[in-house]
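**Q** This is final_37.cif, which holds mmCIF, C-alpha atoms:
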data_data
loop_
_atom_site.label_atom_id
_atom_site.label_comp_id
_atom_site.auth_asym_id
_atom_site.auth_seq_id
_atom_site.Cartn_x
_atom_site.Cartn_y
_atom_site.Cartn_z
CA MET A 21 -151.86 -56.80 68.14
CA MET A 22 -152.26 -53.45 69.91
CA ASN A 23 -148.99 -54.11 71.79
CA SER A 24 -147.12 -54.16 68.49
CA VAL A 25 -148.87 -50.93 67.43
CA PHE A 26 -147.90 -49.12 70.67
CA LYS A 27 -144.35 -50.43 70.36
CA ALA A 28 -144.19 -49.16 66.77
CA LEU A 29 -145.54 -45.72 67.67
CA ALA A 30 -143.30 -45.32 70.73
CA ASP A 31 -140.19 -44.58 68.64
CA PRO A 32 -139.83 -41.05 67.15
CA THR A 33 -137.99 -42.34 64.06
CA ARG A 34 -140.83 -44.72 63.25
CA ARG A 35 -143.40 -41.95 63.82
CA ARG A 36 -141.46 -39.77 61.38
CA VAL A 37 -141.46 -42.60 58.82
CA LEU A 38 -145.25 -42.79 59.09
CA GLU A 39 -145.55 -39.01 58.67
CA LEU A 40 -143.40 -39.15 55.54
CA LEU A 41 -145.50 -41.98 54.12
CA ARG A 42 -148.63 -39.95 54.80
CA LYS A 43 -147.54 -37.58 52.02
CA ARG A 44 -146.92 -40.37 49.49
CA PRO A 45 -145.60 -43.91 49.17
CA MET A 46 -141.78 -44.05 49.17
CA THR A 47 -139.01 -46.55 48.58
CA ALA A 48 -136.76 -47.68 51.42
CA GLY A 49 -133.94 -45.57 49.98
CA GLU A 50 -136.07 -42.41 49.83
CA LEU A 51 -137.16 -42.92 53.45
CA SER A 52 -133.62 -43.66 54.69
CA ASP A 53 -132.34 -40.41 53.13
CA HIS A 54 -134.37 -38.49 55.74
CA PHE A 55 -132.58 -40.09 58.71
CA PRO A 56 -128.94 -40.00 59.87
CA VAL A 57 -128.88 -43.73 60.68
CA SER A 58 -127.56 -46.79 58.87
CA LYS A 59 -129.62 -48.80 56.42
CA PRO A 60 -129.70 -51.91 58.68
CA THR A 61 -131.13 -49.73 61.48
CA MET A 62 -133.79 -48.39 59.13
CA SER A 63 -134.59 -51.94 57.99
CA ALA A 64 -135.19 -52.86 61.62
CA HIS A 65 -137.61 -49.93 61.98
CA PHE A 66 -139.44 -50.97 58.79
CA ALA A 67 -139.72 -54.52 60.15
CA VAL A 68 -141.33 -53.27 63.37
CA LEU A 69 -143.80 -51.16 61.38
CA ARG A 70 -144.63 -54.08 59.06
CA GLU A 71 -145.12 -56.40 62.03
CA ALA A 72 -147.63 -53.92 63.49
CA ASP A 73 -149.38 -53.78 60.07
CA LEU A 74 -148.88 -50.01 59.88
CA ILE A 75 -147.05 -50.09 56.54
CA GLU A 76 -146.97 -52.44 53.60
CA ALA A 77 -144.16 -53.13 51.17
CA ARG A 78 -145.39 -53.62 47.62
CA LYS A 79 -143.97 -53.67 44.15
CA ILE A 80 -145.03 -50.63 42.13
CA GLY A 81 -143.42 -50.73 38.72
CA LYS A 82 -139.93 -52.15 39.21
CA THR A 83 -139.27 -50.99 42.77
CA ILE A 84 -140.38 -52.07 46.23
CA THR A 85 -142.32 -49.17 47.73
CA TYR A 86 -143.62 -48.69 51.25
CA GLN A 87 -147.20 -47.53 51.67
CA LEU A 88 -149.05 -46.32 54.76
CA LYS A 89 -151.65 -48.67 56.20
CA LEU A 90 -153.12 -46.99 59.29
CA SER A 91 -156.66 -47.51 60.47
CA VAL A 92 -158.48 -44.39 61.70
CA LEU A 93 -157.80 -45.38 65.32
CA GLU A 94 -154.09 -45.93 64.63
CA ASP A 95 -153.98 -42.59 62.79
CA ALA A 96 -155.45 -40.90 65.87
CA LEU A 97 -152.98 -42.72 68.14
CA LEU A 98 -150.13 -41.48 65.94
CA GLY A 99 -151.40 -37.93 66.38
CA PHE A 100 -151.52 -38.34 70.18
CA ALA A 101 -148.08 -39.97 70.26
CA LYS A 102 -146.64 -37.12 68.20
CA LEU A 103 -148.28 -34.56 70.51
CA PHE A 104 -146.89 -36.15 73.66
CA GLY A 105 -143.55 -36.80 72.00
CA VAL A 106 -143.21 -33.15 71.03
CA SER A 107 -144.29 -32.05 74.54
CA ALA A 108 -141.73 -34.35 76.19
CA GLU A 109 -138.97 -33.13 73.85
CA ARG A 110 -139.82 -29.49 74.50
CA LYS A 111 -139.81 -30.10 78.28
CA LYS A 112 -136.40 -31.81 78.03
CA LYS A 113 -134.95 -28.87 76.06
CA MET A 114 -136.31 -26.41 78.64
CA GLU A 115 -134.74 -28.40 81.45
CA ILE A 116 -131.39 -28.47 79.63
CA ALA A 117 -131.60 -24.72 79.03
CA LYS A 118 -132.33 -24.10 82.74
CA GLY A 119 -129.55 -26.47 83.76
CA THR A 120 -131.88 -28.59 85.85
CA THR A 121 -131.21 -31.89 84.06
CA PRO A 122 -129.18 -34.27 86.30
CA MET B 18 -155.24 -55.87 56.57
CA LYS B 19 -154.08 -58.81 58.65
CA ARG B 20 -156.78 -61.34 59.41
CA PRO B 21 -159.71 -59.51 57.75
CA ILE B 22 -161.98 -62.53 58.20
CA THR B 23 -161.32 -62.57 61.95
CA TYR B 24 -162.07 -58.84 62.17
CA SER B 25 -165.32 -59.31 60.22
CA LEU B 26 -166.41 -62.25 62.37
CA ILE B 27 -165.72 -60.29 65.55
CA THR B 28 -167.69 -57.31 64.21
CA ALA B 29 -170.61 -59.58 63.29
CA ALA B 30 -170.50 -61.28 66.70
CA ILE B 31 -170.56 -57.92 68.48
CA MET B 32 -173.56 -56.86 66.42
CA LEU B 33 -175.47 -60.07 67.15
CA ILE B 34 -174.67 -60.02 70.86
CA ALA B 35 -175.64 -56.36 71.14
CA ALA B 36 -178.92 -57.01 69.29
CA GLY B 37 -179.63 -60.02 71.52
CA ALA B 38 -178.87 -58.04 74.66
CA LEU B 39 -181.14 -55.23 73.49
CA ARG B 40 -183.99 -57.68 72.77
CA TYR B 41 -183.55 -59.27 76.21
CA ALA B 42 -183.53 -55.89 77.95
CA ASP B 43 -186.70 -54.91 76.07
CA THR B 44 -188.41 -58.17 77.05
CA MET B 45 -187.52 -57.58 80.70
CA HIS B 46 -188.90 -54.01 80.44
CA TRP B 47 -185.57 -52.57 81.47
CA LEU B 48 -185.63 -50.02 78.67
CA GLY B 49 -187.77 -46.93 78.99
CA SER B 50 -189.91 -45.42 76.31
CA GLY B 51 -187.91 -45.21 73.08
CA GLY B 52 -185.02 -47.12 74.65
CA ARG B 53 -185.09 -49.88 72.07
CA GLU B 54 -184.91 -47.41 69.17
CA ARG B 55 -182.05 -45.57 70.85
CA GLY B 56 -180.22 -48.83 71.41
CA ILE B 57 -180.61 -49.84 67.77
CA GLY B 58 -179.33 -46.43 66.66
CA VAL B 59 -176.27 -46.73 68.91
CA ILE B 60 -175.49 -50.22 67.55
CA ILE B 61 -175.83 -49.06 63.93
CA GLY B 62 -173.62 -46.02 64.55
CA LEU B 63 -170.92 -48.00 66.30
CA MET B 64 -170.93 -50.66 63.59
CA LEU B 65 -170.51 -47.98 60.91
CA ALA B 66 -167.59 -46.53 62.87
CA LEU B 67 -166.06 -49.99 63.36
CA MET B 68 -166.20 -50.83 59.66
CA ALA B 69 -165.05 -47.38 58.52
CA ASN B 70 -162.10 -47.60 60.94
CA VAL B 71 -160.40 -50.19 58.74
CA MET B 72 -161.17 -48.57 55.38
CA PRO B 73 -157.67 -47.04 55.07
CA LYS B 74 -156.17 -50.52 55.44
CA MET B 75 -158.02 -51.88 52.41
CA LEU B 76 -155.24 -51.40 49.91
CA PRO B 77 -155.59 -53.19 46.55
CA ASP B 78 -153.24 -56.00 45.59
CA HIS B 79 -151.66 -54.13 42.68
CA GLU B 80 -150.89 -50.50 41.90
CA GLN B 81 -149.89 -49.07 38.53
CA SER B 82 -147.94 -46.08 39.80
CA VAL B 83 -146.81 -44.29 42.96
CA GLU B 84 -149.10 -41.34 42.14
CA GLY B 85 -152.07 -43.70 41.78
CA ALA B 86 -151.21 -45.34 45.09
CA ARG B 87 -150.95 -41.91 46.74
CA ARG B 88 -154.39 -40.85 45.47
CA ARG B 89 -156.04 -44.12 46.49
CA GLN B 90 -154.43 -43.91 49.95
CA SER B 91 -155.72 -40.34 50.28
CA VAL B 92 -159.29 -41.30 49.27
CA LEU B 93 -159.38 -44.27 51.65
CA ARG B 94 -158.00 -42.18 54.53
CA VAL B 95 -160.42 -39.28 54.03
CA SER B 96 -163.40 -41.62 53.59
CA GLY B 97 -162.37 -43.71 56.59
CA TRP B 98 -162.19 -40.66 58.85
CA LEU B 99 -165.47 -39.21 57.51
CA PHE B 100 -167.49 -42.38 58.04
CA THR B 101 -165.87 -43.19 61.40
CA LEU B 102 -166.78 -39.75 62.73
CA ALA B 103 -170.23 -39.98 61.13
CA GLY B 104 -170.78 -43.35 62.79
CA LEU B 105 -169.74 -42.05 66.18
CA GLY B 106 -171.96 -39.01 65.67
CA TYR B 107 -174.85 -41.27 64.67
CA ALA B 108 -174.38 -43.31 67.87
CA ALA B 109 -174.10 -40.19 70.04
CA LEU B 110 -177.20 -38.56 68.54
CA SER B 111 -179.18 -41.79 68.92
CA ALA B 112 -178.13 -42.06 72.56
CA PHE B 113 -178.53 -38.47 73.72
CA ALA B 114 -180.50 -36.30 71.31
CA PRO B 115 -184.25 -35.76 71.70
CA PRO B 116 -186.11 -38.50 69.76
CA GLU B 117 -187.65 -36.10 67.22
CA ILE B 118 -184.17 -34.83 66.27
CA ALA B 119 -182.08 -38.00 66.67
CA PHE B 120 -183.13 -39.90 63.54
CA PRO B 121 -183.13 -37.06 60.96
CA ALA B 122 -179.91 -35.58 62.35
CA SER B 123 -178.18 -38.98 62.32
CA ILE B 124 -179.20 -39.63 58.73
CA ALA B 125 -178.14 -36.11 57.70
CA LEU B 126 -174.73 -36.69 59.29
CA VAL B 127 -174.10 -39.94 57.43
CA ALA B 128 -175.50 -38.52 54.17
CA GLY B 129 -173.21 -35.52 54.52
CA ALA B 130 -170.20 -37.79 55.01
CA LEU B 131 -171.24 -39.78 51.94
CA VAL B 132 -171.56 -36.65 49.78
CA ILE B 133 -168.16 -35.31 50.89
CA ALA B 134 -166.43 -38.68 50.41
CA PHE B 135 -168.00 -39.09 46.97
CA GLY B 136 -167.05 -35.54 45.97
CA TYR B 137 -163.46 -36.04 47.13
CA THR B 138 -163.19 -39.34 45.24
CA VAL B 139 -164.52 -37.77 42.03
CA ALA B 140 -162.10 -34.84 42.43
CA CYS B 141 -159.15 -37.25 42.80
CA ILE B 142 -160.21 -39.27 39.76
CA THR B 143 -160.65 -36.08 37.68
CA ARG B 144 -157.21 -34.80 38.73
CA SER B 145 -155.57 -38.11 37.90
CA ARG B 146 -157.16 -38.11 34.41
CA GLN B 147 -156.01 -34.53 33.83
CA ASP B 148 -152.47 -35.48 34.88
CA ALA B 149 -152.54 -38.49 32.56
CA HIS B 150 -153.30 -36.22 29.53
#
Will you turn the file into structure tokens for me?
**A**
Amino acid sequence: MMNSVFKALADPTRRRVLELLRKRPMTAGELSDHFPVSKPTMSAHFAVLREADLIEARKIGKTITYQLKLSVLEDALLGFAKLFGVSAERKKKMEIAKGTTP
Amino acid sequence: MKRPITYSLITAAIMLIAAGALRYADTMHWLGSGGRERGIGVIIGLMLALMANVMPKMLPDHEQSVEGARRRQSVLRVSGWLFTLAGLGYAALSAFAPPEIAFPASIALVAGALVIAFGYTVACITRSRQDAH
């Protein structure tokens, strides 16, 4: 179970999906509009998040809407993953700027 | 939540095993003065944290609207965090604080979390009724 959670949180796109859902539940279309990737790719990300039980798809009114479903521990892990993800990205940008990236 | 019954059974088993281990340690005189009470406090605190941890996953089967779902999600998340931290604080105070402070401070911590969670829930309900009118 925790393996699927770590796998889900390892990807920055999936972490961003969870952050968006933290604000409010959204449809698949609304979520996809925030990312420059194809709908099948987004569907794959949603499937990984559903498998890890981090989001749930439910019918609200006439549309299928995704809702966040993080336990407190998973919420904390998301925060740590975001922190380390941002640190790694910043380090990569600095290395590119210095010209030290191979 | 996936497999809620399994999670509940595991939680119950942990509680029983911990209580049994504490009783055995007390019988063998391994615990010092007040050790049993500290142990019980730690178990209670950790159990509260364990149960509060999954509160945000307890979504209802049906929702009327996206706004209602957003408010419910917010209440469950805030309450889950409050009671998880209160439970961990309860366990820590029971384990490390002086005995005369441990119990009242632990209770105050959990009571404080309860008051804040209740207040937040009432505020969300009030706001949703105002929006409805």
**Q** With 10 Å as the limit and counting only C-alpha atoms, what residues in chain A lie close to chain B? Please list them as a PyMOL selection string.
**A** chain A and resi 21+41-47+71-76+78-81+85-96
**Q** What residues have an atom no more than 6 Å from (-175.5, -44.5, 66.0) in the file's own frame, counting only C-alpha atoms, and can you write them as a PyMOL selection string?
**A** chain B and resi 58-63+104+107-108+111
**Q** Keeping only C-alpha atoms, write the selected residues as a compact mmCIF listing (two decimals), in the coordinates of the input.
**A**
# COMPACT_ATOMS: atom_id res chain seq x y z
CA GLY B 58 -179.33 -46.43 66.66
CA VAL B 59 -176.27 -46.73 68.91
CA ILE B 60 -175.49 -50.22 67.55
CA ILE B 61 -175.83 -49.06 63.93
CA GLY B 62 -173.62 -46.02 64.55
CA LEU B 63 -170.92 -48.00 66.30
CA GLY B 104 -170.78 -43.35 62.79
CA TYR B 107 -174.85 -41.27 64.67
CA ALA B 108 -174.38 -43.31 67.87
CA SER B 111 -179.18 -41.79 68.92
**Q** Which one is closest to Leu65 in chain B: B:Leu105, B:Ala36, B:Ile124, B:Ala114? Count only C-alpha atoms.
**A** B:Leu105
**Q** So how many Å separate CA of Pro60 in chain A and CA of Thr33 in chain A, to one decimal?
**A**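 CA of Thr33 in chain A lies at a distance of 13.8 Å from CA of Pro60 in chain A.
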**Q** State, in Å with one decimal place, the distance from CA of Met68 in chain B to CA of Ala103 in chain B.
**A**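 It comes out at 11.7 Å.
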**Q** Under the PyMOL selection byres ((chain A and resi 65) around 12), which residues of this model are included? Write them out as an MDAnalysis selection string.
**A** chainID A and resid 27:38 48 51:52 55 57:64 66:72 74:75
**Q** Can you work out the spacing between CA of Val127 in chain B and CA of Leu97 in chain A in Å, to one decimal?
**A**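 Those two atoms sit 23.8 Å apart.
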**Q** Output as an mmCIF file, in the frame of the given file: range 121-132 of chain B, completed with all heavy atoms.
**A**
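And here is the file that came out, result_31.cif:
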data_model
loop_
_atom_site.group_PDB
_atom_site.id
_atom_site.type_symbol
_atom_site.label_atom_id
_atom_site.label_comp_id
_atom_site.auth_asym_id
_atom_site.auth_seq_id
_atom_site.Cartn_x
_atom_site.Cartn_y
_atom_site.Cartn_z
ATOM 1 N N PRO B 121 -183.500 -37.895 62.117
ATOM 2 C CA PRO B 121 -183.130 -37.060 60.960
ATOM 3 C C PRO B 121 -181.716 -36.507 61.033
ATOM 4 O O PRO B 121 -181.003 -36.456 60.021
ATOM 5 C CB PRO B 121 -184.169 -35.929 60.980
ATOM 6 C CG PRO B 121 -184.860 -36.014 62.266
ATOM 7 C CD PRO B 121 -184.661 -37.357 62.822
ATOM 8 N N ALA B 122 -181.271 -36.119 62.221
ATOM 9 C CA ALA B 122 -179.910 -35.580 62.350
ATOM 10 C C ALA B 122 -178.864 -36.649 62.066
ATOM 11 O O ALA B 122 -177.846 -36.389 61.411
ATOM 12 C CB ALA B 122 -179.709 -35.007 63.755
ATOM 13 N N SER B 123 -179.109 -37.867 62.553
ATOM 14 C CA SER B 123 -178.180 -38.980 62.320
ATOM 15 C C SER B 123 -178.051 -39.275 60.832
ATOM 16 O O SER B 123 -176.948 -39.450 60.309
ATOM 17 C CB SER B 123 -178.666 -40.247 63.023
ATOM 18 O OG SER B 123 -178.909 -40.003 64.376
ATOM 19 N N ILE B 124 -179.196 -39.332 60.164
ATOM 20 C CA ILE B 124 -179.200 -39.630 58.730
ATOM 21 C C ILE B 124 -178.500 -38.506 57.964
ATOM 22 O O ILE B 124 -177.715 -38.750 57.042
ATOM 23 C CB ILE B 124 -180.638 -39.828 58.214
ATOM 24 C CG1 ILE B 124 -181.251 -41.070 58.859
ATOM 25 C CG2 ILE B 124 -180.662 -39.927 56.698
ATOM 26 C CD1 ILE B 124 -180.567 -42.371 58.500
ATOM 27 N N ALA B 125 -178.765 -37.256 58.368
ATOM 28 C CA ALA B 125 -178.140 -36.110 57.700
ATOM 29 C C ALA B 125 -176.621 -36.172 57.853
ATOM 30 O O ALA B 125 -175.874 -35.865 56.916
ATOM 31 C CB ALA B 125 -178.674 -34.807 58.286
ATOM 32 N N LEU B 126 -176.162 -36.581 59.026
ATOM 33 C CA LEU B 126 -174.730 -36.690 59.290
ATOM 34 C C LEU B 126 -174.070 -37.710 58.364
ATOM 35 O O LEU B 126 -173.036 -37.441 57.733
ATOM 36 C CB LEU B 126 -174.542 -37.102 60.748
ATOM 37 C CG LEU B 126 -173.176 -36.884 61.397
ATOM 38 C CD1 LEU B 126 -172.816 -35.418 61.374
ATOM 39 C CD2 LEU B 126 -173.220 -37.390 62.836
ATOM 40 N N VAL B 127 -174.668 -38.883 58.272
ATOM 41 C CA VAL B 127 -174.100 -39.940 57.430
ATOM 42 C C VAL B 127 -174.199 -39.555 55.948
ATOM 43 O O VAL B 127 -173.259 -39.775 55.172
ATOM 44 C CB VAL B 127 -174.797 -41.294 57.697
ATOM 45 C CG1 VAL B 127 -174.280 -42.364 56.745
ATOM 46 C CG2 VAL B 127 -174.555 -41.730 59.133
ATOM 47 N N ALA B 128 -175.334 -38.957 55.571
ATOM 48 C CA ALA B 128 -175.500 -38.520 54.170
ATOM 49 C C ALA B 128 -174.467 -37.460 53.815
ATOM 50 O O ALA B 128 -173.886 -37.473 52.720
ATOM 51 C CB ALA B 128 -176.913 -37.976 53.959
ATOM 52 N N GLY B 129 -174.228 -36.547 54.745
ATOM 53 C CA GLY B 129 -173.210 -35.520 54.520
ATOM 54 C C GLY B 129 -171.832 -36.126 54.317
ATOM 55 O O GLY B 129 -171.078 -35.731 53.412
ATOM 56 N N ALA B 130 -171.489 -37.108 55.148
ATOM 57 C CA ALA B 130 -170.200 -37.790 55.010
ATOM 58 C C ALA B 130 -170.107 -38.483 53.657
ATOM 59 O O ALA B 130 -169.059 -38.457 52.994
ATOM 60 C CB ALA B 130 -170.032 -38.817 56.134
ATOM 61 N N LEU B 131 -171.220 -39.083 53.232
ATOM 62 C CA LEU B 131 -171.240 -39.780 51.940
ATOM 63 C C LEU B 131 -171.024 -38.806 50.786
ATOM 64 O O LEU B 131 -170.220 -39.078 49.875
ATOM 65 C CB LEU B 131 -172.595 -40.480 51.780
ATOM 66 C CG LEU B 131 -172.785 -41.362 50.567
ATOM 67 C CD1 LEU B 131 -171.832 -42.543 50.614
ATOM 68 C CD2 LEU B 131 -174.225 -41.878 50.500
ATOM 69 N N VAL B 132 -171.685 -37.659 50.851
ATOM 70 C CA VAL B 132 -171.560 -36.650 49.780
ATOM 71 C C VAL B 132 -170.120 -36.135 49.709
ATOM 72 O O VAL B 132 -169.531 -36.041 48.625
ATOM 73 C CB VAL B 132 -172.547 -35.487 50.020
ATOM 74 C CG1 VAL B 132 -172.213 -34.294 49.143
ATOM 75 C CG2 VAL B 132 -173.971 -35.953 49.766
#
